[in-house]
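Enquirer: The following file, model.cif, comprises mmCIF, C-alpha atoms; chains and numbers go by the auth columns:
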```
data_structure
loop_
_atom_site.group_PDB
_atom_site.id
_atom_site.type_symbol
_atom_site.label_atom_id
_atom_site.label_comp_id
_atom_site.label_asym_id
_atom_site.label_seq_id
_atom_site.Cartn_x
_atom_site.Cartn_y
_atom_site.Cartn_z
_atom_site.B_iso_or_equiv
_atom_site.auth_seq_id
_atom_site.auth_asym_id
ATOM 1 C CA MET A 1 61.711 -1.978 189.689 0.00 1 A
ATOM 2 C CA TRP A 2 58.257 -3.458 189.087 0.00 2 A
ATOM 3 C CA TYR A 3 56.680 -0.676 191.159 0.00 3 A
ATOM 4 C CA TRP A 4 57.835 1.876 188.593 0.00 4 A
ATOM 5 C CA ILE A 5 56.946 -0.352 185.635 0.00 5 A
ATOM 6 C CA PHE A 6 53.395 -0.717 186.956 0.00 6 A
ATOM 7 C CA LYS A 7 53.206 3.014 187.571 0.00 7 A
ATOM 8 C CA TYR A 8 54.617 4.310 184.297 0.00 8 A
ATOM 9 C CA VAL A 9 54.146 1.479 181.781 0.00 9 A
ATOM 10 C CA LEU A 10 51.508 -1.147 182.622 0.00 10 A
ATOM 11 C CA ILE A 11 48.747 0.404 184.761 0.00 11 A
ATOM 12 C CA GLY A 12 49.531 4.093 185.121 0.00 12 A
ATOM 13 C CA PRO A 13 48.858 5.060 181.481 0.00 13 A
ATOM 14 C CA ILE A 14 45.457 3.334 181.594 0.00 14 A
ATOM 15 C CA LEU A 15 44.520 5.189 184.777 0.00 15 A
ATOM 16 C CA ARG A 16 45.565 8.496 183.237 0.00 16 A
ATOM 17 C CA VAL A 17 43.452 7.950 180.146 0.00 17 A
ATOM 18 C CA LEU A 18 40.343 6.719 181.972 0.00 18 A
ATOM 19 C CA GLY A 19 40.587 8.900 185.068 0.00 19 A
ATOM 20 C CA ARG A 20 42.259 12.071 183.754 0.00 20 A
ATOM 21 C CA PRO A 21 43.453 12.758 187.329 0.00 21 A
ATOM 22 C CA ARG A 22 43.857 16.330 188.506 0.00 22 A
ATOM 23 C CA VAL A 23 46.068 16.984 191.510 0.00 23 A
ATOM 24 C CA GLU A 24 45.460 19.831 193.927 0.00 24 A
ATOM 25 C CA GLY A 25 47.775 20.899 196.744 0.00 25 A
ATOM 26 C CA ALA A 26 50.761 18.797 195.684 0.00 26 A
ATOM 27 C CA HIS A 27 53.035 21.437 197.249 0.00 27 A
ATOM 28 C CA HIS A 28 51.919 20.198 200.676 0.00 28 A
ATOM 29 C CA LEU A 29 53.901 16.976 200.162 0.00 29 A
ATOM 30 C CA PRO A 30 57.468 17.186 201.524 0.00 30 A
ATOM 31 C CA ALA A 31 60.076 16.241 198.915 0.00 31 A
ATOM 32 C CA SER A 32 61.988 14.102 201.394 0.00 32 A
ATOM 33 C CA GLY A 33 61.768 12.541 204.826 0.00 33 A
ATOM 34 C CA PRO A 34 59.108 10.353 206.439 0.00 34 A
ATOM 35 C CA ILE A 35 55.450 11.117 205.703 0.00 35 A
ATOM 36 C CA VAL A 36 52.177 9.650 206.872 0.00 36 A
ATOM 37 C CA LEU A 37 49.612 9.974 204.079 0.00 37 A
ATOM 38 C CA ALA A 38 46.136 9.747 205.622 0.00 38 A
ATOM 39 C CA GLY A 39 43.237 9.492 203.195 0.00 39 A
ATOM 40 C CA ASN A 40 39.528 8.984 202.889 0.00 40 A
ATOM 41 C CA HIS A 41 38.587 5.632 201.397 0.00 41 A
ATOM 42 C CA LEU A 42 35.832 5.266 198.821 0.00 42 A
ATOM 43 C CA THR A 43 36.916 2.318 196.686 0.00 43 A
ATOM 44 C CA VAL A 44 39.811 -0.021 195.847 0.00 44 A
ATOM 45 C CA VAL A 45 41.345 2.233 193.190 0.00 45 A
ATOM 46 C CA ASP A 46 41.991 5.021 195.722 0.00 46 A
ATOM 47 C CA SER A 47 45.393 3.435 196.298 0.00 47 A
ATOM 48 C CA PHE A 48 46.098 3.141 192.569 0.00 48 A
ATOM 49 C CA PHE A 49 45.536 6.826 191.939 0.00 49 A
ATOM 50 C CA LEU A 50 47.462 7.825 195.052 0.00 50 A
ATOM 51 C CA VAL A 51 50.485 5.884 193.821 0.00 51 A
ATOM 52 C CA LEU A 52 50.031 7.367 190.357 0.00 52 A
ATOM 53 C CA VAL A 53 50.118 11.044 191.376 0.00 53 A
ATOM 54 C CA VAL A 54 52.802 10.957 194.095 0.00 54 A
ATOM 55 C CA LYS A 55 56.328 11.061 192.666 0.00 55 A
ATOM 56 C CA ARG A 56 57.927 9.318 195.640 0.00 56 A
ATOM 57 C CA ARG A 57 57.333 5.644 196.349 0.00 57 A
ATOM 58 C CA ILE A 58 54.414 4.878 198.657 0.00 58 A
ATOM 59 C CA ARG A 59 54.028 1.849 200.894 0.00 59 A
ATOM 60 C CA PHE A 60 50.888 0.385 202.439 0.00 60 A
ATOM 61 C CA VAL A 61 50.428 -2.291 205.078 0.00 61 A
ATOM 62 C CA ALA A 62 48.340 -5.179 203.712 0.00 62 A
ATOM 63 C CA LYS A 63 46.844 -8.358 205.124 0.00 63 A
ATOM 64 C CA SER A 64 49.209 -11.328 204.781 0.00 64 A
ATOM 65 C CA GLU A 65 46.357 -13.367 203.238 0.00 65 A
ATOM 66 C CA TYR A 66 46.943 -11.425 200.022 0.00 66 A
ATOM 67 C CA PHE A 67 50.393 -13.016 199.828 0.00 67 A
ATOM 68 C CA GLU A 68 49.492 -16.598 200.730 0.00 68 A
ATOM 69 C CA GLY A 69 47.275 -17.809 197.895 0.00 69 A
ATOM 70 C CA GLY A 70 48.189 -20.934 195.981 0.00 70 A
ATOM 71 C CA GLY A 71 48.340 -21.738 192.304 0.00 71 A
ATOM 72 C CA ILE A 72 49.049 -19.408 189.432 0.00 72 A
ATOM 73 C CA LYS A 73 46.505 -16.831 190.607 0.00 73 A
ATOM 74 C CA GLY A 74 47.915 -16.820 194.134 0.00 74 A
ATOM 75 C CA ARG A 75 51.475 -16.372 192.906 0.00 75 A
ATOM 76 C CA PHE A 76 50.410 -13.566 190.593 0.00 76 A
ATOM 77 C CA ILE A 77 48.570 -11.721 193.376 0.00 77 A
ATOM 78 C CA ARG A 78 51.527 -12.136 195.731 0.00 78 A
ATOM 79 C CA TRP A 79 53.914 -10.820 193.086 0.00 79 A
ATOM 80 C CA PHE A 80 51.605 -7.902 192.257 0.00 80 A
ATOM 81 C CA TYR A 81 51.177 -6.719 195.839 0.00 81 A
ATOM 82 C CA THR A 82 54.873 -7.094 196.616 0.00 82 A
ATOM 83 C CA SER A 83 55.804 -5.180 193.463 0.00 83 A
ATOM 84 C CA ALA A 84 53.296 -2.475 194.306 0.00 84 A
ATOM 85 C CA GLY A 85 54.993 -1.764 197.622 0.00 85 A
ATOM 86 C CA GLN A 86 52.583 -3.568 199.941 0.00 86 A
ATOM 87 C CA VAL A 87 54.055 -4.792 203.232 0.00 87 A
ATOM 88 C CA PRO A 88 52.449 -8.088 204.381 0.00 88 A
ATOM 89 C CA VAL A 89 51.308 -8.321 207.997 0.00 89 A
ATOM 90 C CA ASP A 90 49.592 -11.224 209.766 0.00 90 A
ATOM 91 C CA ARG A 91 46.424 -9.625 211.122 0.00 91 A
ATOM 92 C CA SER A 92 44.701 -12.780 212.300 0.00 92 A
ATOM 93 C CA GLY A 93 46.008 -12.927 215.857 0.00 93 A
ATOM 94 C CA GLY A 94 45.523 -10.825 218.949 0.00 94 A
ATOM 95 C CA GLY A 95 48.581 -8.701 218.210 0.00 95 A
ATOM 96 C CA ALA A 96 47.555 -8.015 214.628 0.00 96 A
ATOM 97 C CA GLY A 97 47.283 -4.273 215.158 0.00 97 A
ATOM 98 C CA ASP A 98 50.709 -4.094 216.766 0.00 98 A
ATOM 99 C CA ALA A 99 52.300 -5.968 213.856 0.00 99 A
ATOM 100 C CA ALA A 100 50.777 -3.541 211.358 0.00 100 A
ATOM 101 C CA LEU A 101 51.973 -0.520 213.317 0.00 101 A
ATOM 102 C CA ASP A 102 55.475 -2.005 213.657 0.00 102 A
ATOM 103 C CA ALA A 103 55.608 -2.357 209.868 0.00 103 A
ATOM 104 C CA ALA A 104 54.527 1.276 209.539 0.00 104 A
ATOM 105 C CA ARG A 105 57.199 2.398 211.999 0.00 105 A
ATOM 106 C CA LYS A 106 59.845 0.686 209.904 0.00 106 A
ATOM 107 C CA ILE A 107 58.645 2.412 206.738 0.00 107 A
ATOM 108 C CA LEU A 108 58.913 5.805 208.426 0.00 108 A
ATOM 109 C CA ALA A 109 62.266 4.974 210.026 0.00 109 A
ATOM 110 C CA ASP A 110 63.546 4.411 206.482 0.00 110 A
ATOM 111 C CA ASN A 111 62.308 7.925 205.564 0.00 111 A
ATOM 112 C CA GLY A 112 59.530 6.438 203.460 0.00 112 A
ATOM 113 C CA ILE A 113 55.906 7.331 202.850 0.00 113 A
ATOM 114 C CA TRP A 114 53.339 5.268 204.713 0.00 114 A
ATOM 115 C CA ALA A 115 49.818 5.555 203.299 0.00 115 A
ATOM 116 C CA ILE A 116 46.848 4.611 205.450 0.00 116 A
ATOM 117 C CA TYR A 117 43.092 5.014 205.530 0.00 117 A
ATOM 118 C CA PRO A 118 42.285 5.915 209.156 0.00 118 A
ATOM 119 C CA GLU A 119 38.673 4.743 208.776 0.00 119 A
ATOM 120 C CA GLY A 120 40.096 1.211 208.598 0.00 120 A
ATOM 121 C CA THR A 121 37.900 0.130 205.686 0.00 121 A
ATOM 122 C CA ARG A 122 36.045 1.600 202.719 0.00 122 A
ATOM 123 C CA SER A 123 33.146 3.892 203.520 0.00 123 A
ATOM 124 C CA PRO A 124 29.886 1.949 203.148 0.00 124 A
ATOM 125 C CA ASP A 125 27.912 4.960 201.943 0.00 125 A
ATOM 126 C CA GLY A 126 30.280 7.742 200.884 0.00 126 A
ATOM 127 C CA ARG A 127 30.327 9.439 204.283 0.00 127 A
ATOM 128 C CA LEU A 128 33.453 9.914 206.392 0.00 128 A
ATOM 129 C CA TYR A 129 33.648 7.692 209.454 0.00 129 A
ATOM 130 C CA LYS A 130 35.483 7.874 212.775 0.00 130 A
ATOM 131 C CA GLY A 131 39.237 7.355 212.534 0.00 131 A
ATOM 132 C CA LYS A 132 41.149 4.603 214.275 0.00 132 A
ATOM 133 C CA THR A 133 44.004 5.792 216.466 0.00 133 A
ATOM 134 C CA GLY A 134 46.891 3.638 215.195 0.00 134 A
ATOM 135 C CA MET A 135 47.813 6.165 212.522 0.00 135 A
ATOM 136 C CA ALA A 136 48.130 9.000 215.043 0.00 136 A
ATOM 137 C CA ARG A 137 50.046 6.856 217.509 0.00 137 A
ATOM 138 C CA VAL A 138 52.721 6.082 214.927 0.00 138 A
ATOM 139 C CA ALA A 139 52.841 9.692 213.748 0.00 139 A
ATOM 140 C CA LEU A 140 53.294 10.941 217.306 0.00 140 A
ATOM 141 C CA GLU A 141 56.016 8.417 218.080 0.00 141 A
ATOM 142 C CA SER A 142 57.946 9.050 214.869 0.00 142 A
ATOM 143 C CA GLY A 143 57.469 12.785 214.600 0.00 143 A
ATOM 144 C CA ALA A 144 56.529 12.337 210.939 0.00 144 A
ATOM 145 C CA PRO A 145 54.087 14.892 209.517 0.00 145 A
ATOM 146 C CA VAL A 146 50.613 13.702 208.560 0.00 146 A
ATOM 147 C CA VAL A 147 49.470 14.879 205.132 0.00 147 A
ATOM 148 C CA PRO A 148 45.707 14.524 204.606 0.00 148 A
ATOM 149 C CA VAL A 149 44.598 13.489 201.110 0.00 149 A
ATOM 150 C CA VAL A 150 41.120 13.000 199.681 0.00 150 A
ATOM 151 C CA MET A 151 39.773 11.457 196.490 0.00 151 A
ATOM 152 C CA PHE A 152 36.887 12.557 194.329 0.00 152 A
ATOM 153 C CA GLY A 153 35.376 10.421 191.591 0.00 153 A
ATOM 154 C CA THR A 154 36.889 7.035 192.414 0.00 154 A
ATOM 155 C CA GLU A 155 33.488 5.691 193.483 0.00 155 A
ATOM 156 C CA LYS A 156 32.284 6.370 189.923 0.00 156 A
ATOM 157 C CA PHE A 157 35.465 5.005 188.349 0.00 157 A
ATOM 158 C CA ASN A 158 35.224 1.731 190.261 0.00 158 A
ATOM 159 C CA PRO A 159 31.777 1.407 191.890 0.00 159 A
ATOM 160 C CA VAL A 160 31.723 -0.826 194.959 0.00 160 A
ATOM 161 C CA GLY A 161 30.853 -4.384 193.985 0.00 161 A
ATOM 162 C CA THR A 162 32.137 -4.073 190.412 0.00 162 A
ATOM 163 C CA ARG A 163 35.443 -5.052 188.842 0.00 163 A
ATOM 164 C CA ILE A 164 35.203 -3.016 185.652 0.00 164 A
ATOM 165 C CA TRP A 165 36.780 0.432 185.525 0.00 165 A
ATOM 166 C CA ARG A 166 34.620 3.166 184.049 0.00 166 A
ATOM 167 C CA PRO A 167 35.844 6.517 182.701 0.00 167 A
ATOM 168 C CA ALA A 168 35.354 9.198 185.359 0.00 168 A
ATOM 169 C CA LYS A 169 37.137 12.405 186.277 0.00 169 A
ATOM 170 C CA ILE A 170 39.395 11.878 189.311 0.00 170 A
ATOM 171 C CA VAL A 171 40.593 14.623 191.628 0.00 171 A
ATOM 172 C CA VAL A 172 43.270 14.008 194.259 0.00 172 A
ATOM 173 C CA ARG A 173 43.498 16.815 196.803 0.00 173 A
ATOM 174 C CA PHE A 174 46.264 17.182 199.402 0.00 174 A
ATOM 175 C CA GLY A 175 45.933 19.397 202.447 0.00 175 A
ATOM 176 C CA PRO A 176 48.505 21.151 204.651 0.00 176 A
ATOM 177 C CA ALA A 177 50.678 18.804 206.684 0.00 177 A
ATOM 178 C CA LEU A 178 49.746 18.323 210.321 0.00 178 A
ATOM 179 C CA ASP A 179 52.727 18.447 212.677 0.00 179 A
ATOM 180 C CA PHE A 180 52.263 16.584 215.949 0.00 180 A
ATOM 181 C CA SER A 181 55.965 16.397 216.815 0.00 181 A
ATOM 182 C CA ARG A 182 55.537 18.746 219.793 0.00 182 A
ATOM 183 C CA TYR A 183 53.400 16.062 221.439 0.00 183 A
ATOM 184 C CA ARG A 184 55.907 13.291 220.790 0.00 184 A
ATOM 185 C CA GLU A 185 56.560 12.631 224.489 0.00 185 A
ATOM 186 C CA LEU A 186 52.812 12.207 225.049 0.00 186 A
ATOM 187 C CA SER A 187 52.355 9.479 222.438 0.00 187 A
ATOM 188 C CA ALA A 188 51.370 6.960 225.127 0.00 188 A
ATOM 189 C CA HIS A 189 48.460 9.084 226.352 0.00 189 A
ATOM 190 C CA HIS A 190 45.190 7.932 224.832 0.00 190 A
ATOM 191 C CA ALA A 191 43.558 11.364 225.058 0.00 191 A
ATOM 192 C CA VAL A 192 46.390 12.928 223.056 0.00 192 A
ATOM 193 C CA VAL A 193 46.314 10.160 220.438 0.00 193 A
ATOM 194 C CA ARG A 194 42.540 10.430 220.130 0.00 194 A
ATOM 195 C CA SER A 195 42.756 14.200 219.754 0.00 195 A
ATOM 196 C CA ALA A 196 45.399 13.912 217.024 0.00 196 A
ATOM 197 C CA THR A 197 43.274 11.329 215.213 0.00 197 A
ATOM 198 C CA ASP A 198 40.247 13.604 215.353 0.00 198 A
ATOM 199 C CA GLN A 199 42.298 16.493 213.981 0.00 199 A
ATOM 200 C CA VAL A 200 43.254 14.393 210.981 0.00 200 A
ATOM 201 C CA MET A 201 39.645 13.346 210.402 0.00 201 A
ATOM 202 C CA SER A 202 38.540 16.967 210.683 0.00 202 A
ATOM 203 C CA ALA A 203 41.083 17.914 208.015 0.00 203 A
ATOM 204 C CA LEU A 204 39.784 15.122 205.757 0.00 204 A
ATOM 205 C CA MET A 205 36.220 16.298 206.295 0.00 205 A
ATOM 206 C CA ASP A 206 37.142 19.895 205.396 0.00 206 A
ATOM 207 C CA LEU A 207 39.034 18.784 202.281 0.00 207 A
ATOM 208 C CA SER A 208 36.397 16.368 201.022 0.00 208 A
ATOM 209 C CA GLY A 209 33.170 18.006 202.117 0.00 209 A
ATOM 210 C CA GLN A 210 31.943 14.597 203.274 0.00 210 A
ATOM 211 C CA GLU A 211 29.428 14.246 206.048 0.00 211 A
ATOM 212 C CA TYR A 212 31.127 12.966 209.201 0.00 212 A
ATOM 213 C CA VAL A 213 29.755 10.012 211.177 0.00 213 A
ATOM 214 C CA ASP A 214 31.039 9.551 214.737 0.00 214 A
ATOM 215 C CA THR A 215 31.172 5.769 214.617 0.00 215 A
ATOM 216 C CA TYR A 216 33.562 3.273 213.037 0.00 216 A
ATOM 217 C CA ALA A 217 32.913 2.242 209.436 0.00 217 A
ATOM 218 C CA ALA A 218 33.378 -1.447 210.269 0.00 218 A
ATOM 219 C CA LYS A 219 30.684 -1.183 212.947 0.00 219 A
ATOM 220 C CA ALA A 220 28.333 0.523 210.490 0.00 220 A
ATOM 221 C CA LYS A 221 28.928 -2.248 207.944 0.00 221 A
ATOM 222 C CA ALA A 222 28.309 -4.970 210.521 0.00 222 A
ATOM 223 C CA LYS A 223 25.093 -3.296 211.632 0.00 223 A
ATOM 224 C CA ALA A 224 23.880 -2.979 208.046 0.00 224 A
ATOM 225 C CA ALA A 225 24.660 -6.657 207.387 0.00 225 A
#
```
Would you give me this structure, written as structure tokens?

Expert:
Amino acid sequence: MWYWIFKYVLIGPILRVLGRPRVEGAHHLPASGPIVLAGNHLTVVDSFFLVLVVKRRIRFVAKSEYFEGGGIKGRFIRWFYTSAGQVPVDRSGGGAGDAALDAARKILADNGIWAIYPEGTRSPDGRLYKGKTGMARVALESGAPVVPVVMFGTEKFNPVGTRIWRPAKIVVRFGPALDFSRYRELSAHHAVVRSATDQVMSALMDLSGQEYVDTYAAKAKAKAA
């Protein structure tokens, strides 16, 4: 219930006024069945606008630390993320990636929408970075279509390093679904998974017009630090 209250009553109206979001290619989103939504990632509010413009409920996989804080602030954050459809996953151990992918598999098995940013983290400079393969592996195993989606303007709405939202025109653009179901039996082959991942990143690059960098965003951030 709180998911819809946040979307239509508490936060959604503010986002609509400040961001004036325009949606392009909404017809590419299936009205039912499991979907993997794969997007570029510029800033925190990417997820807010994605939830706002998609009629069906979206779920993300989030770090369990978001749900473990103490005190009033910790309880509020835990309640907010749970209400917003986030699925907590312990990503501190060696099997962290597997736990996240298992949570994603469950979302798709329930015919839900799993949203993920294949870059693994926000772009450090606005360019599009190499995609991690977990998204493609789950898509191949489940047979769920992958719908690429890109954001424009969110980096102006919520500049990295700031907490204040600023009025800016937001565009959310969906591309044609990518169907990898014919390769389902090859989901354990790394070359196939890597190829599917690269196809998704290529679609994101075409939709966004971003320059592509053939290295992981996390590695680029670590090098810059």

Enquirer: Which centre and edge lengths in Å to one decimal define the box along x, y and z that fits every listed atom of segment 160-177 of chain A plus 3 Å per side, as AutoDock Vina command-line options?

Expert:
```
--center_x 40.8 --center_y 8.0 --center_z 194.7 --size_x 25.8 --size_y 32.2 --size_z 30.0
```

Enquirer: Please list as a list of chain:residue names every residue within 10 Å of segment 27-34 of chain A, counting only C-alpha atoms and excluding residues in the same chain fewer than 4 positions away.

Expert: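 Residues near the query, excluding close chain neighbours: A:Val54, A:Lys55, A:Arg56, A:Arg105, A:Ile107, A:Leu108, A:Ala109, A:Asp110, A:Asn111, A:Gly112, A:Ile113, A:Trp114, A:Ala139, A:Ser142, A:Gly143, A:Ala144, A:Pro145, A:Val146, A:Val147, A:Pro148, A:Val149, A:Arg173, A:Phe174, A:Gly175, A:Pro176, A:Ala177.
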
Enquirer: My list of candidates is A:Pro159, A:Gly134, A:Pro124, A:Pro167. Which is closest to Asn40 of chain A when distances are computed with all atoms listed in the file?

Expert: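 Looking at the shortest contact to Asn40 of chain A, the residue is A:Pro124.
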
Enquirer: Tell me which residues come within 12 Å of (32.2, -1.0, 214.7), as a list of chain:residue names, counting all atoms listed in the file in the file's coordinates.

Expert: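 Neighbouring residues, ordered by chain and number, come to A:Glu119, A:Gly120, A:Thr121, A:Tyr129, A:Lys130, A:Gly131, A:Lys132, A:Val213, A:Asp214, A:Thr215, A:Tyr216, A:Ala217, A:Ala218, A:Lys219, A:Ala220, A:Lys221, A:Ala222, A:Lys223, A:Ala224, A:Ala225.
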
Enquirer: For a quick check of understanding, using all atoms listed in the file, which of A:Val36, A:Tyr3, A:Leu42, A:Ala196 has the smallest distance to Gly161 of chain A?

Expert: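 Closest to Gly161 of chain A, using all atoms listed in the file: A:Leu42.
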
Enquirer: Using all atoms listed in the file and a cutoff of 9 Å, can you tell me which residues are near (45.9, 17.1, 187.4) in the file's coordinates, and write them out as an mmCIF file with C-alpha atoms, in the frame of the given file?

Expert:
```cif
data_model
loop_
_atom_site.group_PDB
_atom_site.id
_atom_site.type_symbol
_atom_site.label_atom_id
_atom_site.label_comp_id
_atom_site.auth_asym_id
_atom_site.auth_seq_id
_atom_site.Cartn_x
_atom_site.Cartn_y
_atom_site.Cartn_z
ATOM 1 C CA ARG A 20 42.259 12.071 183.754
ATOM 2 C CA PRO A 21 43.453 12.758 187.329
ATOM 3 C CA ARG A 22 43.857 16.330 188.506
ATOM 4 C CA VAL A 23 46.068 16.984 191.510
ATOM 5 C CA GLU A 24 45.460 19.831 193.927
ATOM 6 C CA VAL A 53 50.118 11.044 191.376
ATOM 7 C CA ILE A 170 39.395 11.878 189.311
ATOM 8 C CA VAL A 171 40.593 14.623 191.628
ATOM 9 C CA VAL A 172 43.270 14.008 194.259
#
```

Enquirer: Please enumerate the residues selected by the PyMOL selection byres ((chain A and resi 184) around 8) when evaluated against the supplied file, formatted as number ranges by chain.

Expert: A: 140-143, 180-183, 185-187

Enquirer: Work out how far atom CA of Met135 of chain A is from atom CA of Arg194 of chain A, in Å to one decimal.

Expert: 10.2 Å

Enquirer: Quick one: pull the distance between atom CA of Ala168 of chain A and atom CA of Met201 of chain A, Å, one decimal.

Expert: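 Atom CA of Ala168 of chain A sits 25.7 Å away from atom CA of Met201 of chain A.
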
Enquirer: Counting only C-alpha atoms, what is within 8 Å of Gly39 of chain A, bar same-chain residues fewer than 5 positions away, as a VMD selection string?

Expert: chain A and resid 115 to 118 148 to 151 204

Enquirer: Enter the distance from atom CA of Glu211 of chain A to atom CA of Leu128 of chain A, in Å, rounded to one decimal.

Expert: 5.9 Å

Enquirer: May I ask which of the residues A:Leu50, A:Val138, A:Val45, A:Ala99 is the closest one to Thr197 of chain A, counting all atoms listed in the file?

Expert: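 Result for the nearest residue to Thr197 of chain A: A:Val138.
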
Enquirer: Restricting the calculation to only C-alpha atoms, which member of A:Leu52, A:Ala38, A:Ala203, A:Ile58 is positioned closest to Ala136 of chain A?

Expert: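 Comparing A:Leu52, A:Ala38, A:Ala203, A:Ile58 against Ala136 of chain A, the winner is A:Ala38.
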